[in-house]
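Everything on this sheet refers to the single structure shown next.
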Amino acid sequence: MPDVQYSSNSNEASRKPLSSGADRAAVDAPHNEYAIQDVSAWVLRIGVVTSVLVMALGLTLTFLHHPPSVHHMKTAVLKYNLGAIYHGVLRGDGESIIDMGLFILVLTPIARVLASVILFATVDRDWFYTFVTLVVLILTTLSLLFIH
């Protein structure tokens, strides 16, 4: 007996088998569209919350180890070197932890684009959007690598 899928109409008498792939795609389409939106929203939420928590930890450690001074606030700079940030985080340096939080915040939209590439390729199997989103991911990543 072949595997038959039925439309999701709640009236039992009007349920009919889905005859073609197009009919099945029409039933599955809203689920796929919402899956991409839901995953994108969760990636952004998790990234922003993680970033804020990391920056709050860094701010707390900075104020505990160094009393705030106007001169220090005017002269503090953001570290672009991931190695310096990593070693500062390992030392428990509050400013490096704040820099890590900012780095996480910058990477959050990139993680969203990466999730979209994966979902377009696996869930939707929409190769045009997969390609376009992959180009956006590559260009964004390259632009970050060449910051001075």
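By order of appearance in the structure tokens: chains A, B, ..., then residues from 1 within every chain, and ligands from 1 in the order shown.
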Could you pull the residues within 7 Å of Met100 (chain A), counting only C-alpha atoms, minus those fewer than 4 positions along the same chain, as a ChimeraX atom specification?
/A:85,96,104
Selected residues, N, CA and C atoms, written as a PDB file, in the first residue's frame, please.
ATOM      1  N   ILE A  85      42.333  39.918  22.744  1.00  0.00           N
ATOM      2  CA  ILE A  85      41.073  39.797  23.485  1.00  0.00           C
ATOM      3  C   ILE A  85      41.039  38.462  24.222  1.00  0.00           C
ATOM      4  N   SER A  96      38.852  43.579  28.284  1.00  0.00           N
ATOM      5  CA  SER A  96      38.895  42.537  27.251  1.00  0.00           C
ATOM      6  C   SER A  96      37.582  41.767  27.201  1.00  0.00           C
ATOM      7  N   ILE A 104      31.012  39.511  20.100  1.00  0.00           N
ATOM      8  CA  ILE A 104      29.851  38.611  19.998  1.00  0.00           C
ATOM      9  C   ILE A 104      28.680  39.350  19.357  1.00  0.00           C
TER      10      ILE A 104
END
Exercise: Phe103 (chain A) partners within 9 Å, only C-alpha atoms, chain neighbours under 5 positions left out, as a PyMOL selection string
chain A and resi 51+80+82+98+108
Would you write out those residues with C-alpha atoms, as a PDB file, in the first residue's frame?
ATOM      1  CA  SER A  51      26.588  39.866  24.326  1.00  0.00           C
ATOM      2  CA  TYR A  80      40.512  44.411  17.182  1.00  0.00           C
ATOM      3  CA  LEU A  82      41.257  38.438  18.698  1.00  0.00           C
ATOM      4  CA  ILE A  98      33.731  43.972  27.253  1.00  0.00           C
ATOM      5  CA  THR A 108      25.389  37.828  15.854  1.00  0.00           C
TER       6      THR A 108
END
Nearest candidate to Pro109 (chain A) (options A:Val54, A:Ala35, A:Arg91, A:Ile46; using only C-alpha atoms)
A:Ile46
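Closest approach to Gly94 (chain A) among A:Ile36, A:Ala41, A:Leu59, A:Ala121 is made by A:Leu59 (distances from only C-alpha atoms).
Among the candidate residues A:Gly92, A:Val39, A:Leu134, A:Gly47, the one lying nearest to Leu105 (chain A) is A:Gly47, with distances computed using only C-alpha atoms.
By only C-alpha atoms, and with residues fewer than 4 positions from Ala76 (chain A) along its chain excluded, the set lying at most 12 Å from it is Thr62, Pro68, Ser69, Val70, His71, His72, Gly94, Glu95, Ser96, Ile98 and Asp99 of chain A.
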With only C-alpha atoms as the basis for distance, which of A:Leu64, A:Leu57, A:Val123, A:Leu144 is at the shortest distance from Tyr34 (chain A)?
A:Val123
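Put simply, CA of Thr141 (chain A) is 22.0 Å away from CA of Val49 (chain A).
Going from CA of Gly101 (chain A) to CA of Met55 (chain A) covers 4.9 Å.
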Using DSSP secondary structure from the backbone, list all alpha helix (DSSP H) positions within region 56-115 of chain A, as a VMD selection string.
chain A and resid 56 to 65 70 to 75 82 to 91 94 to 115
